[in-house]
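**Student:** Have a look at the structure that comes next, please.
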Amino acid sequence: MKKTILTGLRPTGNLHLGHFFGAGRTWRDIQDEYDFYLEIADVQALTDNFDNPEKVRKNVYEITKDLLSIGIKPENVHFFIQSQIPEIAELTVFYSNLVTVSRLQRNPTVKTEIAQKKELFGNDGESITYGFLGYPVSQAADITCFKGECVPVGDDQLPLIEQCREIVRKFNNIYGETLKVPEPLLSNTPRIKGLDGNEKMGKSLGNAIYLVDDEETIKKKIMGALTDTNKIKKDDPANPDVCMVYYYHKLVNSEENNNIICNECKKGARGCVQCKKELITKMNEFLEPIREKRKYYDNNPNEVNKVLEEGTKLAKEKAIETMKEVKKAMKIDY
Ligand code: TRP
């Protein structure tokens, strides 16, 4: 029997290279080895975007098309929409007794996000809602509602998986062995840096290359990417290790080419403009098959709907089964 894995994404924007190299690629490569549930976490997205429901709804479809375009196959993976499985919300309520408010406030991922909000809105946390603080509880329900044994995620999600493991252990202690304690499955690629050299590529940082970017956009973005700021003239020797153009060459170009680029750059035998032009070509070559598939799904929205409907139906069956066991254990199976 295949192991069950579950992972999720907040539908708040299109997928970029950071999502692809940090997670999506791994999901694609392991998809037929597991019973794979992929949650489009619209309820979680609403904890941050409750005042912008149009954005969330639009991105449910955008993200699904992005995932299909990178080769995640609905034959292998059950795509489902979180809000369409009310059992998750029900389980969240049961779990909320098993976690303290102070434990949630100490969760490193939540803490970082609260700090970012404070910076953004300049207040002392007054804007933190009950729903936002509780989203790790809801995420624990996401995972366990489908009996997820492994959760493939980036390292920023580890505190959320740990929180889930604590909740599950507590549940099993109080109500008897019912649920499996999930394990994280870390992707082997670290975070992907942004065009500006920032450690993280992100939508809010405005430094991302999206899988849906067209040729013109790619050209503009790469021409503006950060290079070695100490290099003034075309023939100055430079350090490829601080150059974002070389960094992306390493993602999409061949090892052989990259060795040449690295040596030429260090010797001052390669201008940045030429190097950027080569990267534009390679990046477009890399994105072209993804764009092709994307076009297909843009033209066939019914197929996208079908993927979501069928996956959600299957996920719902599994959630109902889990909730029967949960309610029996909690003695609320009237
Ligand atoms: N918190 C994840 C993110 O921001 C999304 C997510 C929702 C998730 N539910 C999940 C990830 C369950 C793993 C498992 O990207």
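Here, A, B, ... name the chains of the structure tokens in the order displayed, residue numbers run from 1 inside each chain, and ligands are numbered from 1 in the same displayed order.
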Which residues are near ligand 1 - at most 9 Å, using only C-alpha atoms and all ligand atoms? Format: as a PyMOL selection string.

**Tutor:** chain A and resi 6-11+38-45+82+135-136+138-143+148+151-154+156-157+160-161+184

**Student:** Need to verify the contact set: Asn59 of chain A, 6 Å, only C-alpha atoms, exclusion of same-chain residues closer than 4 positions in sequence. Can you return it as a short mmCIF file (atom, residue, chain, number, x, y, z; two decimals) with all heavy atoms, in the first residue's frame?

**Tutor:**
```cif
data_model
loop_
_atom_site.label_atom_id
_atom_site.label_comp_id
_atom_site.auth_asym_id
_atom_site.auth_seq_id
_atom_site.Cartn_x
_atom_site.Cartn_y
_atom_site.Cartn_z
N PRO A 11 -3.76 29.88 -2.04
CA PRO A 11 -3.99 30.49 -3.35
C PRO A 11 -4.02 32.02 -3.28
O PRO A 11 -5.07 32.65 -3.27
CB PRO A 11 -5.35 29.93 -3.78
CG PRO A 11 -6.04 29.64 -2.49
CD PRO A 11 -4.99 29.31 -1.48
N THR A 12 -2.82 32.61 -3.21
CA THR A 12 -2.75 34.08 -3.13
C THR A 12 -1.99 34.69 -4.30
O THR A 12 -1.90 35.91 -4.40
CB THR A 12 -2.07 34.52 -1.82
OG1 THR A 12 -0.82 33.84 -1.72
CG2 THR A 12 -2.92 34.17 -0.61
N GLY A 13 -1.43 33.85 -5.17
CA GLY A 13 -0.71 34.39 -6.34
C GLY A 13 -0.19 33.23 -7.17
O GLY A 13 -0.25 32.07 -6.74
N ILE A 63 -3.47 28.76 -9.42
CA ILE A 63 -2.52 27.82 -8.81
C ILE A 63 -2.72 26.41 -9.36
O ILE A 63 -1.77 25.69 -9.63
CB ILE A 63 -2.70 27.82 -7.27
CG1 ILE A 63 -2.11 29.10 -6.70
CG2 ILE A 63 -2.12 26.59 -6.64
CD1 ILE A 63 -1.07 28.89 -5.66
#
```

**Student:** Identify, on the basis of only C-alpha atoms, every residue whose closest approach to segment 282-298 of chain A does not exceed 8 Å; exclude the query and any residue fewer than 3 positions from it along the same chain; express the result as JSON, numbers by chain.

**Tutor:** {"A": [65, 66, 68, 69, 70, 211, 212, 215, 218, 249, 252, 253, 278, 279, 301, 303, 304]}

**Student:** Report as a PyMOL selection string all protein, DNA and RNA residues lying within 8 Å of Ala329 of chain A, evaluated on only C-alpha atoms, omitting residues in the same chain fewer than 3 positions from it.

**Tutor:** chain A and resi 175-176+178+325-326+332

**Student:** Taking C-alpha atoms for each residue, export the selection above as a compact mmCIF listing (two decimals), in the first residue's frame.

**Tutor:**
```txt
# COMPACT_ATOMS: atom_id res chain seq x y z
CA TYR A 175 -9.08 9.91 23.40
CA GLY A 176 -7.07 6.77 22.57
CA THR A 178 -6.79 7.21 16.63
CA GLU A 325 -13.23 7.56 13.91
CA VAL A 326 -12.52 10.91 15.55
CA ILE A 332 -19.72 12.33 20.20
```

**Student:** Expressed in Å to a single decimal, how great is the separation between atom CA of Tyr248 of chain A and atom CA of Asp32 of chain A?

**Tutor:**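 Separation between atom CA of Tyr248 of chain A and atom CA of Asp32 of chain A: 28.7 Å.
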
**Student:** Using only C-alpha atoms for the distances, tell me which of A:Gly71, A:Glu321, A:Lys220, A:Lys313 is nearest to Lys277 of chain A.

**Tutor:** A:Lys220

**Student:** Using DSSP assignments from the backbone, pull out every residue in segment 121-265 of chain A that falls under strand (DSSP E or B) and give it to me as an NGL selection string.

**Tutor:** :A and (150-153 or 183-186 or 210)

**Student:** Work out how far apart atom CA of Gly24 of chain A and atom CA of Asn299 of chain A are and give it in Å to one decimal.

**Tutor:** 22.8 Å

**Student:** To one decimal place in Å, what is the distance between atom CA of Ile209 of chain A and atom CA of Tyr61 of chain A?

**Tutor:**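 Taking atom CA of Ile209 of chain A as the start and atom CA of Tyr61 of chain A as the end point, the length is 19.2 Å.
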
**Student:** As a ChimeraX atom specification, please: every residue in segment 63-156 of chain A that a backbone DSSP assignment puts in helix (DSSP H, G or I).

**Tutor:** /A:63-69,82-84,86-98,101-106,108-121,130-133,135-144,155-156

**Student:** Counting only C-alpha atoms, what is within 10 Å of Ile192 of chain A, bar same-chain residues fewer than 4 positions away, as an mmCIF file with N, CA, C and O atoms, in the first residue's frame?

**Tutor:**
```
data_model
loop_
_atom_site.group_PDB
_atom_site.id
_atom_site.type_symbol
_atom_site.label_atom_id
_atom_site.label_comp_id
_atom_site.auth_asym_id
_atom_site.auth_seq_id
_atom_site.Cartn_x
_atom_site.Cartn_y
_atom_site.Cartn_z
ATOM 1 N N HIS A 16 6.012 30.869 -8.581
ATOM 2 C CA HIS A 16 7.249 31.399 -9.152
ATOM 3 C C HIS A 16 8.360 30.354 -9.054
ATOM 4 O O HIS A 16 8.124 29.230 -8.589
ATOM 5 N N LEU A 17 9.559 30.737 -9.496
ATOM 6 C CA LEU A 17 10.670 29.774 -9.505
ATOM 7 C C LEU A 17 10.971 29.237 -8.107
ATOM 8 O O LEU A 17 11.401 28.102 -7.955
ATOM 9 N N GLY A 18 10.751 30.066 -7.101
ATOM 10 C CA GLY A 18 10.977 29.621 -5.723
ATOM 11 C C GLY A 18 10.070 28.454 -5.381
ATOM 12 O O GLY A 18 10.512 27.457 -4.794
ATOM 13 N N HIS A 19 8.802 28.551 -5.765
ATOM 14 C CA HIS A 19 7.876 27.441 -5.525
ATOM 15 C C HIS A 19 8.298 26.213 -6.319
ATOM 16 O O HIS A 19 8.221 25.096 -5.830
ATOM 17 N N PHE A 20 8.726 26.461 -7.564
ATOM 18 C CA PHE A 20 9.047 25.313 -8.419
ATOM 19 C C PHE A 20 10.268 24.554 -7.909
ATOM 20 O O PHE A 20 10.210 23.345 -7.681
ATOM 21 N N PHE A 21 11.394 25.282 -7.717
ATOM 22 C CA PHE A 21 12.620 24.587 -7.317
ATOM 23 C C PHE A 21 12.588 24.177 -5.845
ATOM 24 O O PHE A 21 13.223 23.208 -5.455
ATOM 25 N N GLY A 22 11.857 24.944 -5.025
ATOM 26 C CA GLY A 22 11.808 24.617 -3.596
ATOM 27 C C GLY A 22 10.827 23.513 -3.252
ATOM 28 O O GLY A 22 10.998 22.838 -2.241
ATOM 29 N N GLY A 197 18.735 39.626 -5.195
ATOM 30 C CA GLY A 197 19.737 39.047 -4.313
ATOM 31 C C GLY A 197 19.201 38.735 -2.922
ATOM 32 O O GLY A 197 19.902 38.153 -2.098
ATOM 33 N N ASN A 198 17.946 39.079 -2.664
ATOM 34 C CA ASN A 198 17.333 38.749 -1.369
ATOM 35 C C ASN A 198 17.342 37.218 -1.179
ATOM 36 O O ASN A 198 17.169 36.476 -2.140
ATOM 37 N N GLU A 199 17.512 36.776 0.056
ATOM 38 C CA GLU A 199 17.583 35.340 0.357
ATOM 39 C C GLU A 199 16.335 34.582 -0.085
ATOM 40 O O GLU A 199 16.366 33.386 -0.296
ATOM 41 N N LYS A 200 15.218 35.295 -0.183
ATOM 42 C CA LYS A 200 13.972 34.637 -0.529
ATOM 43 C C LYS A 200 13.312 35.296 -1.724
ATOM 44 O O LYS A 200 13.258 36.518 -1.814
ATOM 45 N N MET A 201 12.840 34.449 -2.653
ATOM 46 C CA MET A 201 12.036 34.967 -3.754
ATOM 47 C C MET A 201 10.598 35.019 -3.259
ATOM 48 O O MET A 201 10.103 34.049 -2.707
ATOM 49 N N GLY A 202 9.941 36.154 -3.424
ATOM 50 C CA GLY A 202 8.573 36.232 -2.920
ATOM 51 C C GLY A 202 7.772 37.297 -3.630
ATOM 52 O O GLY A 202 8.325 38.275 -4.141
ATOM 53 N N ALA A 208 10.391 38.233 -7.988
ATOM 54 C CA ALA A 208 10.142 36.858 -8.429
ATOM 55 C C ALA A 208 10.024 36.736 -9.943
ATOM 56 O O ALA A 208 9.580 37.661 -10.629
ATOM 57 N N TYR A 247 23.598 32.776 -10.648
ATOM 58 C CA TYR A 247 22.762 31.946 -9.756
ATOM 59 C C TYR A 247 21.624 31.274 -10.543
ATOM 60 O O TYR A 247 21.367 30.081 -10.401
ATOM 61 N N TYR A 248 20.959 32.034 -11.415
ATOM 62 C CA TYR A 248 19.870 31.432 -12.209
ATOM 63 C C TYR A 248 20.385 30.575 -13.363
ATOM 64 O O TYR A 248 19.724 29.618 -13.740
ATOM 65 N N LEU A 251 20.432 27.201 -12.247
ATOM 66 C CA LEU A 251 19.149 26.497 -12.169
ATOM 67 C C LEU A 251 18.702 25.959 -13.530
ATOM 68 O O LEU A 251 18.078 24.904 -13.599
#
```

**Student:** I'd like to know which of A:Leu104, A:Ile72, A:Lys233, A:Pro159 is closest to Arg25 of chain A, using only C-alpha atoms.

**Tutor:**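 So, comparing all the options, the nearest one is A:Ile72.
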
**Student:** Could you check the closest approach to Val137 of chain A for each of A:Lys118, A:Arg165, A:Lys221, A:Lys276 and tell me which residue wins, using only C-alpha atoms?

**Tutor:**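 The shortest atom-to-atom distance to Val137 of chain A comes from A:Arg165.
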
**Student:** For Val99 of chain A, list every protein, DNA or RNA residue within 9 Å, evaluated using only C-alpha atoms, and leave out those in the same chain fewer than 3 positions away; present the list as a PyMOL selection string.

**Tutor:** chain A and resi 95-96+102-104+137+163+166-167+170

**Student:** Ranking A:Thr112, A:Arg57, A:Leu67, A:Gly134 by minimum distance to Val93 of chain A and counting only C-alpha atoms, which one comes first?

**Tutor:** A:Gly134

**Student:** Pick the closest to Glu310 of chain A from A:Asn173, A:Val60, A:Ile81, A:Asn49: which is it, counting only C-alpha atoms?

**Tutor:**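 Checking each of A:Asn173, A:Val60, A:Ile81, A:Asn49 against Glu310 of chain A, counting only C-alpha atoms, the winner is A:Ile81.
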
**Student:** Considering only C-alpha atoms, can you say which of A:Cys265, A:Val242, A:Ala315, A:Cys145 comes closest to Ala89 of chain A?

**Tutor:**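 Checking each of A:Cys265, A:Val242, A:Ala315, A:Cys145 against Ala89 of chain A, counting only C-alpha atoms, the winner is A:Cys145.
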